[in-house]
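Chemist: First, the structure itself, so that you have it in front of you.
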Amino acid sequence: MRFQIGLLLFPDITQLDLTGPYEVFTKFPETDVHLVWKTLDPVRAAGGIRLLPTTVFADCPSLDLICVPGGAGMNPLLNDEETLDFVRRQASGARYVTSVCTGSLVLGAAGLLGGKRATTHWMSLPMLSAFGCEPVAERVVVDGGTITGGGVTAGIDFALTIAGELFGAETARRIQLAIEYDPRPPYDAGSPARADASLVAATREASAARQAEREAAVERAAARLA
């Protein structure tokens, strides 16, 4: 039987949160990868690129792995019962419940992270504790069948981790080589632990409005679960 993976697709998604893992997932043996949303209409990602869902909530097959990506568009999902019900329903029968970036907050809002260790984008990491989760500042966090990836580019590391879990290290290495995943960034500023304090402060300031909106949505979602 073929392994079924579903990635949640939604408006204003950070496309690399989805397309990074997607590139890896589509190289898994005997695997079908679905892009799932409420309708089959094109979805506008942050930055303007359009992505096409392949199935809707009602028609999505039972998933072996559900993945929730992140981005500004996940803020409304924290209190969107239709989406949260879909995530909970699929998670109940899935072998792996996973996320990339701030998608982990959606898992939390669905009540799926209580007592778990998980990660997310560094600016939103403290918010995970509102859902009874232990925030972990790591690139990828594995807690049993719950696997979460950090911010944006961590989605490739996350998906290769899953490849190793499912098919072994040799298959994961072959996929890594096939996509030439050999990152050597020109600047060492990809983590708040290494970036200049002034750069971290400026980045926080630029995202302040979105983060405030997210915090308020997290508070509402956590209150609903209480």
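Residue numbering restarts at 1 for every chain of the structure tokens, chains are lettered A, B, ... in their displayed order, and ligands are numbered from 1 as they appear.
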With only C-alpha atoms counted and 12 Å as the cut-off, give the residues of segment 157-202 of chain A in contact with segment 28-43 of chain A, each with its shortest interatomic distance in Å and the pair that gives it, as a Markdown table.
Modeler:
| residue | atom | partner | partner_atom | distance |
| --- | --- | --- | --- | --- |
| A:Ala159 | CA | A:Phe28 | CA | 10.1 |
| A:Leu160 | CA | A:Phe28 | CA | 10.0 |
| A:Ile162 | CA | A:Phe28 | CA | 9.9 |
| A:Ala163 | CA | A:Phe28 | CA | 7.2 |
| A:Gly164 | CA | A:Phe28 | CA | 10.4 |
| A:Glu165 | CA | A:Phe28 | CA | 11.6 |
| A:Leu166 | CA | A:Phe28 | CA | 9.1 |
| A:Phe167 | CA | A:Phe28 | CA | 8.2 |
| A:Gly168 | CA | A:Phe28 | CA | 11.2 |
| A:Thr171 | CA | A:Phe28 | CA | 8.4 |
| A:Ala172 | CA | A:Phe28 | CA | 8.9 |
| A:Arg173 | CA | A:Phe28 | CA | 11.8 |
| A:Arg174 | CA | A:Phe28 | CA | 10.4 |
| A:Ile175 | CA | A:Phe28 | CA | 8.3 |
| A:Gln176 | CA | A:Phe28 | CA | 11.5 |
| A:Ala178 | CA | A:Phe28 | CA | 12.0 |
Chemist: Write out, as a tab-separated table (two decimals), in the first residue's frame, the residues just selected, with N, CA, C and O atoms.
Modeler:
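Output contents, as saved in again36.tsv:
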chain	number	residue	atom	x	y	z
A	159	ALA	N	12.27	17.23	6.20
A	159	ALA	CA	11.82	16.18	5.29
A	159	ALA	C	12.87	15.09	5.13
A	159	ALA	O	12.53	13.90	5.01
A	160	LEU	N	14.14	15.45	5.12
A	160	LEU	CA	15.19	14.44	5.06
A	160	LEU	C	15.24	13.61	6.33
A	160	LEU	O	15.53	12.41	6.30
A	162	ILE	N	12.60	12.80	8.04
A	162	ILE	CA	11.50	11.86	7.85
A	162	ILE	C	11.89	10.76	6.87
A	162	ILE	O	11.56	9.58	7.07
A	163	ALA	N	12.62	11.13	5.82
A	163	ALA	CA	13.09	10.12	4.88
A	163	ALA	C	13.92	9.06	5.60
A	163	ALA	O	13.78	7.85	5.35
A	164	GLY	N	14.80	9.50	6.49
A	164	GLY	CA	15.61	8.56	7.26
A	164	GLY	C	14.77	7.70	8.18
A	164	GLY	O	15.02	6.50	8.34
A	165	GLU	N	13.76	8.31	8.82
A	165	GLU	CA	12.87	7.57	9.72
A	165	GLU	C	12.13	6.47	8.97
A	165	GLU	O	11.97	5.35	9.47
A	166	LEU	N	11.65	6.79	7.78
A	166	LEU	CA	10.81	5.87	7.02
A	166	LEU	C	11.60	4.84	6.23
A	166	LEU	O	11.24	3.66	6.19
A	167	PHE	N	12.66	5.28	5.57
A	167	PHE	CA	13.33	4.44	4.58
A	167	PHE	C	14.79	4.18	4.87
A	167	PHE	O	15.46	3.47	4.12
A	168	GLY	N	15.31	4.78	5.95
A	168	GLY	CA	16.70	4.56	6.30
A	168	GLY	C	17.61	5.66	5.80
A	168	GLY	O	17.28	6.41	4.87
A	171	THR	N	18.64	5.93	1.89
A	171	THR	CA	17.67	6.57	1.02
A	171	THR	C	17.66	8.08	1.23
A	171	THR	O	17.61	8.85	0.27
A	172	ALA	N	17.73	8.51	2.49
A	172	ALA	CA	17.77	9.95	2.77
A	172	ALA	C	18.99	10.60	2.14
A	172	ALA	O	18.90	11.70	1.58
A	173	ARG	N	20.13	9.92	2.21
A	173	ARG	CA	21.35	10.48	1.60
A	173	ARG	C	21.22	10.56	0.08
A	173	ARG	O	21.69	11.52	-0.55
A	174	ARG	N	20.60	9.56	-0.52
A	174	ARG	CA	20.43	9.59	-1.98
A	174	ARG	C	19.56	10.77	-2.39
A	174	ARG	O	19.85	11.46	-3.39
A	175	ILE	N	18.49	11.01	-1.64
A	175	ILE	CA	17.63	12.15	-1.94
A	175	ILE	C	18.39	13.46	-1.75
A	175	ILE	O	18.32	14.37	-2.59
A	176	GLN	N	19.15	13.55	-0.68
A	176	GLN	CA	19.94	14.76	-0.42
A	176	GLN	C	20.90	15.04	-1.57
A	176	GLN	O	21.03	16.18	-2.04
A	178	ALA	N	20.59	13.91	-4.69
A	178	ALA	CA	19.83	14.17	-5.91
A	178	ALA	C	19.40	15.63	-6.00
A	178	ALA	O	19.39	16.22	-7.09
Chemist: Within segment 9-216 of chain A, find each residue whose DSSP state, derived from the backbone, is strand (DSSP E or B), and express the selection as an NGL selection string.
Modeler: :A and (31-37 or 43-44 or 50-51 or 55-56 or 65-68 or 96-100 or 117-118 or 134-135 or 140-143 or 146-149)
Chemist: Those same residues, written as an mmCIF file, in the first residue's frame with C-alpha atoms?
Modeler:
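To be explicit, this is the file written out as out_7.cif:
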data_model
loop_
_atom_site.group_PDB
_atom_site.id
_atom_site.type_symbol
_atom_site.label_atom_id
_atom_site.label_comp_id
_atom_site.auth_asym_id
_atom_site.auth_seq_id
_atom_site.Cartn_x
_atom_site.Cartn_y
_atom_site.Cartn_z
ATOM 1 C CA THR A 31 4.397 7.592 -1.920
ATOM 2 C CA ASP A 32 1.547 9.908 -2.945
ATOM 3 C CA VAL A 33 1.772 13.577 -1.961
ATOM 4 C CA HIS A 34 -1.392 15.676 -1.695
ATOM 5 C CA LEU A 35 -1.812 19.441 -1.383
ATOM 6 C CA VAL A 36 -4.987 19.929 0.639
ATOM 7 C CA TRP A 37 -7.246 22.941 1.088
ATOM 8 C CA VAL A 43 -4.066 29.640 -3.556
ATOM 9 C CA ARG A 44 -1.994 32.820 -3.420
ATOM 10 C CA ARG A 50 -0.094 30.710 -7.016
ATOM 11 C CA LEU A 51 -0.248 27.092 -5.872
ATOM 12 C CA THR A 55 -7.691 17.677 -3.151
ATOM 13 C CA VAL A 56 -10.142 19.195 -0.671
ATOM 14 C CA LEU A 65 1.678 11.750 7.415
ATOM 15 C CA ILE A 66 0.052 15.143 7.739
ATOM 16 C CA CYS A 67 2.221 18.244 7.474
ATOM 17 C CA VAL A 68 1.168 21.794 8.340
ATOM 18 C CA TYR A 96 3.287 11.017 11.724
ATOM 19 C CA VAL A 97 1.873 14.417 12.697
ATOM 20 C CA THR A 98 4.257 17.089 11.485
ATOM 21 C CA SER A 99 4.801 20.759 10.759
ATOM 22 C CA VAL A 100 7.262 23.275 9.380
ATOM 23 C CA ARG A 117 8.486 18.797 22.547
ATOM 24 C CA ALA A 118 8.339 20.894 19.380
ATOM 25 C CA GLU A 134 7.830 22.359 25.483
ATOM 26 C CA PRO A 135 9.452 24.770 22.990
ATOM 27 C CA VAL A 140 14.211 19.599 13.749
ATOM 28 C CA VAL A 141 12.550 18.074 16.812
ATOM 29 C CA VAL A 142 11.366 14.454 16.889
ATOM 30 C CA ASP A 143 9.016 13.422 19.699
ATOM 31 C CA THR A 146 5.358 14.186 16.185
ATOM 32 C CA ILE A 147 8.068 15.808 14.051
ATOM 33 C CA THR A 148 8.426 19.572 13.767
ATOM 34 C CA GLY A 149 10.796 21.718 11.740
#
Chemist: Can you list, as a PyMOL selection string, all residues belonging to segment 50-146 of chain A that DSSP tags as helix (DSSP H, G or I)?
Modeler: chain A and resi 57-59+72-74+76-79+81-93+103-109+125-131
Chemist: Calculated over only C-alpha atoms, which of the candidates A:Gly6, A:Ala212, A:Gly71, A:Val106 has the smallest distance to Thr83 of chain A?
Modeler: A:Val106
Chemist: Under the rule that only C-alpha atoms are counted, which of A:Ala221, A:Ile13, A:Val24, A:Leu105 is the nearest residue to Gly48 of chain A?
Modeler: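 Of A:Ala221, A:Ile13, A:Val24, A:Leu105, the one nearest Gly48 of chain A is A:Ile13, counting only C-alpha atoms.
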